[in-house]
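Pasted below: run_16.tsv, TSV, C-alpha atoms.
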```
chain	number	residue	atom	x	y	z
A	1	MET	CA	0.00	0.00	0.00
A	2	SER	CA	1.40	3.38	-0.94
A	3	ILE	CA	1.74	6.09	1.72
A	4	PRO	CA	0.15	9.45	0.86
A	5	HIS	CA	2.44	12.37	0.34
A	6	LYS	CA	2.81	14.77	3.30
A	7	PRO	CA	1.19	17.72	1.43
A	8	PHE	CA	-1.90	15.61	0.84
A	9	VAL	CA	-2.09	14.63	4.52
A	10	PHE	CA	-1.70	18.29	5.54
A	11	LEU	CA	-4.54	19.38	3.22
A	12	LEU	CA	-6.76	16.57	4.47
A	13	VAL	CA	-6.22	17.56	8.12
A	14	LEU	CA	-6.75	21.22	7.27
A	15	SER	CA	-10.03	20.41	5.51
A	16	LEU	CA	-11.28	18.43	8.48
A	17	LEU	CA	-10.43	21.26	10.85
A	18	LEU	CA	-12.24	23.74	8.58
A	19	LEU	CA	-15.36	21.56	8.50
A	20	LEU	CA	-15.33	21.26	12.28
A	21	HIS	CA	-14.97	25.03	12.64
A	22	LEU	CA	-17.88	25.68	10.28
A	23	PHE	CA	-20.06	23.16	12.08
A	24	PHE	CA	-19.54	24.56	15.56
A	25	SER	CA	-19.61	28.22	14.52
A	26	SER	CA	-22.94	27.73	12.71
A	27	THR	CA	-24.63	25.92	15.60
A	28	PRO	CA	-27.37	28.27	16.83
A	29	THR	CA	-27.36	29.47	20.41
A	30	SER	CA	-30.08	28.27	22.72
A	31	PRO	CA	-33.39	30.03	22.03
A	32	THR	CA	-33.99	30.34	25.77
A	33	THR	CA	-31.07	32.72	26.34
A	34	THR	CA	-30.61	36.28	25.13
A	35	ALA	CA	-26.89	36.92	24.70
A	36	VAL	CA	-25.45	40.10	26.19
A	37	ALA	CA	-22.10	41.86	26.44
A	38	THR	CA	-20.70	39.54	29.11
A	39	SER	CA	-20.77	35.78	29.31
A	40	THR	CA	-21.74	35.84	33.02
A	41	ALA	CA	-24.96	37.83	32.67
A	42	ALA	CA	-27.91	37.08	30.42
A	43	ILE	CA	-31.66	37.04	30.17
A	44	ARG	CA	-33.15	33.57	30.12
A	45	MET	CA	-36.55	33.23	28.47
A	46	ARG	CA	-38.89	30.79	30.12
A	47	PRO	CA	-40.45	28.07	27.97
A	48	GLY	CA	-44.13	27.25	27.81
A	49	PHE	CA	-45.68	30.02	25.69
A	50	ARG	CA	-47.03	28.46	22.49
A	51	SER	CA	-47.80	31.81	20.87
A	52	TYR	CA	-48.13	35.50	21.67
A	53	ASP	CA	-51.87	35.03	22.14
A	54	ASP	CA	-51.16	32.26	24.63
A	55	TYR	CA	-48.78	34.59	26.48
A	56	ILE	CA	-51.39	37.39	26.60
A	57	LYS	CA	-54.07	35.02	27.88
A	58	ARG	CA	-51.81	33.80	30.66
A	59	GLN	CA	-50.97	37.35	31.73
A	60	LEU	CA	-54.64	38.32	31.72
A	61	ASN	CA	-55.50	35.26	33.81
A	62	LYS	CA	-53.65	36.97	36.65
A	63	THR	CA	-54.57	40.58	35.90
A	64	LEU	CA	-58.31	39.85	35.59
A	65	ASP	CA	-58.56	37.35	38.44
A	66	PRO	CA	-61.52	38.69	40.49
A	67	ARG	CA	-60.02	37.57	43.80
A	68	LEU	CA	-56.69	39.28	43.09
A	69	ARG	CA	-58.36	42.47	41.87
A	70	ARG	CA	-60.38	42.66	45.07
A	71	LEU	CA	-57.20	42.14	47.07
A	72	TRP	CA	-55.29	44.80	45.12
A	73	ALA	CA	-58.15	47.30	45.52
A	74	THR	CA	-58.68	46.74	49.26
A	75	ARG	CA	-56.22	45.13	51.67
A	76	ASP	CA	-53.17	45.60	49.42
A	77	TRP	CA	-54.01	49.14	48.33
A	78	ASP	CA	-52.71	51.26	51.22
A	79	ARG	CA	-49.64	49.09	51.76
A	80	LYS	CA	-48.55	49.31	48.13
A	81	VAL	CA	-49.27	53.02	47.83
A	82	ARG	CA	-47.20	53.62	50.97
A	83	VAL	CA	-44.21	51.62	49.67
A	84	PHE	CA	-44.35	53.17	46.20
A	85	THR	CA	-44.59	56.64	47.74
A	86	ARG	CA	-41.37	56.01	49.64
A	87	PHE	CA	-39.59	54.85	46.47
A	88	PHE	CA	-40.78	57.84	44.44
A	89	ALA	CA	-40.00	60.34	47.20
A	90	ASP	CA	-36.40	59.10	47.19
A	91	LEU	CA	-36.24	59.51	43.41
A	92	ALA	CA	-37.72	63.01	43.65
A	93	ALA	CA	-35.12	63.95	46.27
A	94	GLU	CA	-32.44	62.93	43.76
A	95	GLY	CA	-34.03	65.08	41.05
A	96	LEU	CA	-35.01	62.06	38.94
A	97	VAL	CA	-38.72	62.91	38.91
A	98	SER	CA	-40.46	66.22	39.61
A	99	ASN	CA	-43.93	67.71	39.91
A	100	ALA	CA	-43.67	68.82	36.30
A	101	SER	CA	-42.86	65.32	35.00
A	102	ALA	CA	-45.13	63.51	32.57
A	103	ALA	CA	-44.89	60.06	34.13
A	104	LEU	CA	-45.86	56.57	32.99
A	105	CYS	CA	-46.22	53.49	35.19
A	106	ILE	CA	-45.87	50.38	33.03
A	107	GLY	CA	-47.86	47.32	34.08
A	108	ALA	CA	-49.68	49.33	36.75
A	109	ARG	CA	-52.62	46.96	37.33
A	110	MET	CA	-55.03	48.91	39.57
A	111	GLY	CA	-52.88	52.05	39.68
A	112	GLN	CA	-51.20	52.12	43.10
A	113	GLU	CA	-48.01	53.47	41.53
A	114	VAL	CA	-49.98	56.24	39.85
A	115	VAL	CA	-51.61	57.29	43.12
A	116	ALA	CA	-48.21	57.28	44.85
A	117	LEU	CA	-46.73	59.59	42.19
A	118	ARG	CA	-49.71	61.93	42.37
A	119	ASP	CA	-49.46	61.95	46.17
A	120	ILE	CA	-45.94	63.38	45.97
A	121	GLY	CA	-47.08	66.02	43.49
A	122	VAL	CA	-46.57	64.39	40.08
A	123	ALA	CA	-49.99	65.28	38.73
A	124	GLY	CA	-49.17	64.16	35.19
A	125	ALA	CA	-48.86	60.47	36.10
A	126	VAL	CA	-50.77	57.72	34.29
A	127	GLY	CA	-50.64	53.93	34.33
A	128	MET	CA	-50.73	51.40	31.50
A	129	ASP	CA	-51.72	47.75	31.65
A	130	LEU	CA	-53.25	45.06	29.44
A	131	ALA	CA	-56.44	45.46	31.47
A	132	PRO	CA	-57.31	49.13	32.08
A	133	ALA	CA	-58.44	50.46	35.46
A	134	PRO	CA	-59.97	53.89	34.76
A	135	PRO	CA	-59.27	56.64	35.55
A	136	LEU	CA	-55.75	55.74	36.71
A	137	VAL	CA	-54.72	53.08	34.19
A	138	VAL	CA	-55.22	52.99	30.42
A	139	ALA	CA	-55.09	49.92	28.18
A	140	GLY	CA	-51.77	49.16	26.56
A	141	ASP	CA	-49.17	46.50	25.80
A	142	PHE	CA	-45.63	47.31	26.92
A	143	HIS	CA	-44.32	45.58	23.79
A	144	ALA	CA	-46.06	48.30	21.72
A	145	GLN	CA	-46.94	51.29	23.88
A	146	PRO	CA	-49.96	53.30	22.63
A	147	PHE	CA	-48.14	56.63	22.98
A	148	PRO	CA	-46.23	58.88	20.55
A	149	ASP	CA	-42.45	59.22	20.60
A	150	ASP	CA	-40.96	61.40	23.36
A	151	SER	CA	-44.13	61.43	25.47
A	152	PHE	CA	-42.76	61.06	29.00
A	153	ASP	CA	-40.11	62.47	31.33
A	154	PHE	CA	-40.27	59.50	33.69
A	155	GLU	CA	-41.21	55.83	33.31
A	156	PHE	CA	-41.44	53.25	36.07
A	157	SER	CA	-41.98	49.51	35.84
A	158	ASN	CA	-41.75	46.49	38.09
A	159	VAL	CA	-42.92	44.02	35.44
A	160	PHE	CA	-39.85	43.65	33.22
A	161	ASP	CA	-39.78	39.94	34.11
A	162	HIS	CA	-43.21	39.62	32.42
A	163	ALA	CA	-41.85	40.77	29.04
A	164	LEU	CA	-41.95	38.01	26.43
A	165	TYR	CA	-39.80	40.19	24.16
A	166	PRO	CA	-37.36	42.08	26.42
A	167	LYS	CA	-35.78	43.95	23.49
A	168	ARG	CA	-39.16	45.36	22.49
A	169	PHE	CA	-39.91	46.32	26.08
A	170	ALA	CA	-36.67	48.31	26.29
A	171	ALA	CA	-37.08	49.83	22.83
A	172	GLU	CA	-40.58	51.05	23.67
A	173	VAL	CA	-39.41	52.65	26.91
A	174	GLU	CA	-36.67	54.50	25.03
A	175	ARG	CA	-39.01	55.46	22.19
A	176	THR	CA	-41.60	57.05	24.47
A	177	LEU	CA	-39.10	58.70	26.85
A	178	ARG	CA	-38.04	62.22	26.03
A	179	PRO	CA	-34.30	62.90	25.66
A	180	GLY	CA	-32.96	63.27	29.18
A	181	GLY	CA	-35.93	61.33	30.57
A	182	VAL	CA	-35.53	58.76	33.34
A	183	ALA	CA	-36.55	55.09	33.41
A	184	VAL	CA	-36.67	53.23	36.72
A	185	LEU	CA	-37.00	49.44	36.72
A	186	HIS	CA	-37.46	47.18	39.71
A	187	VAL	CA	-36.23	43.69	38.87
A	188	ALA	CA	-35.42	40.39	40.55
A	189	VAL	CA	-31.73	39.50	40.50
A	190	HIS	CA	-31.31	37.43	43.65
A	191	ARG	CA	-34.84	36.04	43.63
A	192	ARG	CA	-36.94	34.21	41.08
A	193	GLY	CA	-40.03	35.85	39.60
A	194	ASP	CA	-43.51	34.41	39.94
A	195	LYS	CA	-45.13	31.77	37.73
A	196	TYR	CA	-46.36	34.44	35.30
A	197	SER	CA	-42.83	35.70	34.58
A	198	ALA	CA	-41.59	35.25	31.02
A	199	ASN	CA	-37.88	35.85	31.68
A	200	ASP	CA	-35.24	35.73	34.40
A	201	LEU	CA	-32.09	37.82	34.82
A	202	LEU	CA	-28.98	35.69	35.24
A	203	GLY	CA	-25.85	36.88	37.02
A	204	GLY	CA	-26.82	40.53	37.48
A	205	VAL	CA	-28.32	43.38	35.49
A	206	ASP	CA	-25.84	43.50	32.59
A	207	GLY	CA	-28.27	41.63	30.36
A	208	LEU	CA	-30.93	44.23	31.09
A	209	LEU	CA	-28.57	47.17	30.59
A	210	GLY	CA	-27.46	45.79	27.23
A	211	LEU	CA	-30.99	46.23	25.88
A	212	PHE	CA	-31.08	49.99	26.47
A	213	LYS	CA	-29.05	51.25	23.53
A	214	CYS	CA	-29.95	54.93	23.90
A	215	SER	CA	-29.60	55.32	27.66
A	216	ASP	CA	-26.90	55.79	30.28
A	217	LEU	CA	-26.88	54.02	33.61
A	218	VAL	CA	-27.50	56.39	36.53
A	219	ARG	CA	-27.26	53.83	39.33
A	220	VAL	CA	-28.19	50.40	40.63
A	221	ARG	CA	-29.24	49.79	44.24
A	222	LYS	CA	-30.84	47.15	46.42
A	223	VAL	CA	-34.53	47.56	47.23
A	224	ASP	CA	-37.28	45.51	48.82
A	225	GLY	CA	-40.20	45.92	46.48
A	226	PHE	CA	-42.85	43.20	46.50
A	227	GLY	CA	-40.51	40.33	45.66
A	228	LEU	CA	-38.13	42.45	43.56
A	229	ASP	CA	-34.70	43.23	44.98
A	230	THR	CA	-32.90	45.60	42.62
A	231	GLU	CA	-33.62	49.10	41.34
A	232	VAL	CA	-32.06	50.17	38.03
A	233	VAL	CA	-32.15	53.84	37.03
A	234	LEU	CA	-31.40	54.86	33.43
A	235	ARG	CA	-31.40	58.22	31.67
A	236	LYS	CA	-32.13	58.52	27.95
A	237	LYS	CA	-29.32	60.19	26.06
A	238	LYS	CA	-29.74	63.50	24.33
A	239	LYS	CA	-30.56	63.05	20.64
A	240	LYS	CA	-27.21	64.39	19.51
A	241	ASN	CA	-25.51	61.52	21.34
A	242	HIS	CA	-27.33	58.65	19.61
A	243	LYS	CA	-29.08	57.78	16.42
```
Rewrite the structure of this file - the entire thing - as structure tokens.
Amino acid sequence: MSIPHKPFVFLLVLSLLLLLHLFFSSTPTSPTTTAVATSTAAIRMRPGFRSYDDYIKRQLNKTLDPRLRRLWATRDWDRKVRVFTRFFADLAAEGLVSNASAALCIGARMGQEVVALRDIGVAGAVGMDLAPAPPLVVAGDFHAQPFPDDSFDFEFSNVFDHALYPKRFAAEVERTLRPGGVAVLHVAVHRRGDKYSANDLLGGVDGLLGLFKCSDLVRVRKVDGFGLDTEVVLRKKKKKNHK
């Protein structure tokens, strides 16, 4: 049996290495993980939603539950308004929200956040949720907010974990915030969200921050907010600083 020439062996090995490289580099990443700037922080999407309609129905199962709505409107009302008022008063003391702010509370359910903002003097506060609760909360999907560009000076949400499309959530916040406007998000980093959550933050808030392309980080701090442990404050860049 003849022995192949060395150049042929070299080309054969090189071809095999090239095929292996192409195979592994073309293997898609897991659909349950949104890649971000660092390998230690990501957003993991939870499985189980067959379609967007299925996702909406599951969210509304909680929002429209008569027992929960009675609870939110009675026993829970004063407690939540009191806690939100404390959060917003701290933000006002830092100059992050003011009486003149047009403010949006995303995923506001019955409107406790809206009442808390109005109680500290932010008269132009309104809530948005899949199920409206007039006169405090209007109907709207945070994946496609029903407001024009540059509508608000301040946006607050503690439902980021319910976003099926986190990139759309972030893009809509930045679209409807005015340049220089502030977004405040309460998220779970060290705890797991409830059974209605659509995503989980892994390893910190870097995965979340990576979604906000037109904003600067103001600060991150620990909070104790109804099962959420971290407050992230972002400020939308001036238009001249981004496209």
Within 12 Å of stretch 120-124 of chain A using all atoms listed in the file, minus same-chain residues under 6 positions, as number ranges by chain:
A: 81-82, 84-93, 96-105, 113-114, 136, 151-155
Dump of C-alpha atoms for the selected residues, as a short mmCIF file (atom, residue, chain, number, x, y, z; two decimals), in the coordinates of the input:
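Listed below is the output, result_10.cif:
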```cif
data_model
loop_
_atom_site.label_atom_id
_atom_site.label_comp_id
_atom_site.auth_asym_id
_atom_site.auth_seq_id
_atom_site.Cartn_x
_atom_site.Cartn_y
_atom_site.Cartn_z
CA VAL A 81 -49.27 53.02 47.83
CA ARG A 82 -47.20 53.62 50.97
CA PHE A 84 -44.35 53.17 46.20
CA THR A 85 -44.59 56.64 47.74
CA ARG A 86 -41.37 56.01 49.64
CA PHE A 87 -39.59 54.85 46.47
CA PHE A 88 -40.78 57.84 44.44
CA ALA A 89 -40.00 60.34 47.20
CA ASP A 90 -36.40 59.10 47.19
CA LEU A 91 -36.24 59.51 43.41
CA ALA A 92 -37.72 63.01 43.65
CA ALA A 93 -35.12 63.95 46.27
CA LEU A 96 -35.01 62.06 38.94
CA VAL A 97 -38.72 62.91 38.91
CA SER A 98 -40.46 66.22 39.61
CA ASN A 99 -43.93 67.71 39.91
CA ALA A 100 -43.67 68.82 36.30
CA SER A 101 -42.86 65.32 35.00
CA ALA A 102 -45.13 63.51 32.57
CA ALA A 103 -44.89 60.06 34.13
CA LEU A 104 -45.86 56.57 32.99
CA CYS A 105 -46.22 53.49 35.19
CA GLU A 113 -48.01 53.47 41.53
CA VAL A 114 -49.98 56.24 39.85
CA LEU A 136 -55.75 55.74 36.71
CA SER A 151 -44.13 61.43 25.47
CA PHE A 152 -42.76 61.06 29.00
CA ASP A 153 -40.11 62.47 31.33
CA PHE A 154 -40.27 59.50 33.69
CA GLU A 155 -41.21 55.83 33.31
#
```
Selection: 9 Å around A:Val220, all atoms listed in the file, excl. self and same-chain fewer than 2 positions, as JSON, numbers by chain
{"A": [205, 217, 218, 222, 230, 231, 232, 233]}
Kindly give the distance, in Å, that separates atom CA of A:Tyr165 and atom CA of A:Leu68, rounded to a single decimal.
25.4 Å
Give the answer as one residue: which of A:Ile106, A:Val137, A:Lys239, A:Ile43 has the shortest atom-to-atom distance to A:Val189, using only C-alpha atoms?
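When distances to A:Val189 are compared using only C-alpha atoms, the smallest one comes from A:Ile43.
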Can you work out which one of A:Asp129, A:Asp78, A:Glu174, A:Asp141 has the shortest atom-to-atom distance to A:Val115, counting only C-alpha atoms?
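Closest to A:Val115 of all the choices is A:Asp78.
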From the options A:Arg118, A:Arg175, A:Arg191, A:Lys62, which residue's atoms come nearest to A:Ser215, counting only C-alpha atoms?
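Result for the nearest residue to A:Ser215: A:Arg175.
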Best match for closeness to A:Pro179 among A:Thr63, A:Asp149, A:Asp53, A:Ala108, counting all atoms listed in the file
A:Asp149
Nearest-residue call for A:Gly181, choices A:Glu94, A:Asp229, A:Asp150, A:Asp65, using all atoms listed in the file:
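Residue with the minimum atom-to-atom distance to A:Gly181: A:Asp150.
Residue nearest A:Phe147 within the list A:Pro166, A:Gly127, A:Gly204, A:Pro132: A:Gly127 [criterion: smallest interatomic distance, all atoms listed in the file].
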Figure out the distance between atom CA of A:Gly207 and atom CA of A:Gln145, please, to one decimal in Å.
22.0 Å
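Across the model, the gap from atom CA of A:Val159 to atom CA of A:Asp194 is 10.6 Å.
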Contacts of A:Phe169 within 7 Å, all atoms listed in the file, excl. fewer than 6 positions in-chain, as a VMD selection string:
chain A and resid 142 to 143 163
Can you pull out the residues contacting A:Gln59? Cut-off 9 Å, using only C-alpha atoms, and skip same-chain residues under 3 positions away; I want them as a PyMOL selection string.
chain A and resi 54-56+62-64+130+162+196-197
Next, dump the selected residues to file, keeping only C-alpha atoms, as a CSV table (one decimal), in the coordinates of the input.
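Okay, this is what ended up in out_23.csv:
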```csv
chain,number,residue,atom,x,y,z
A,54,ASP,CA,-51.2,32.3,24.6
A,55,TYR,CA,-48.8,34.6,26.5
A,56,ILE,CA,-51.4,37.4,26.6
A,62,LYS,CA,-53.6,37.0,36.6
A,63,THR,CA,-54.6,40.6,35.9
A,64,LEU,CA,-58.3,39.8,35.6
A,130,LEU,CA,-53.2,45.1,29.4
A,162,HIS,CA,-43.2,39.6,32.4
A,196,TYR,CA,-46.4,34.4,35.3
A,197,SER,CA,-42.8,35.7,34.6
```
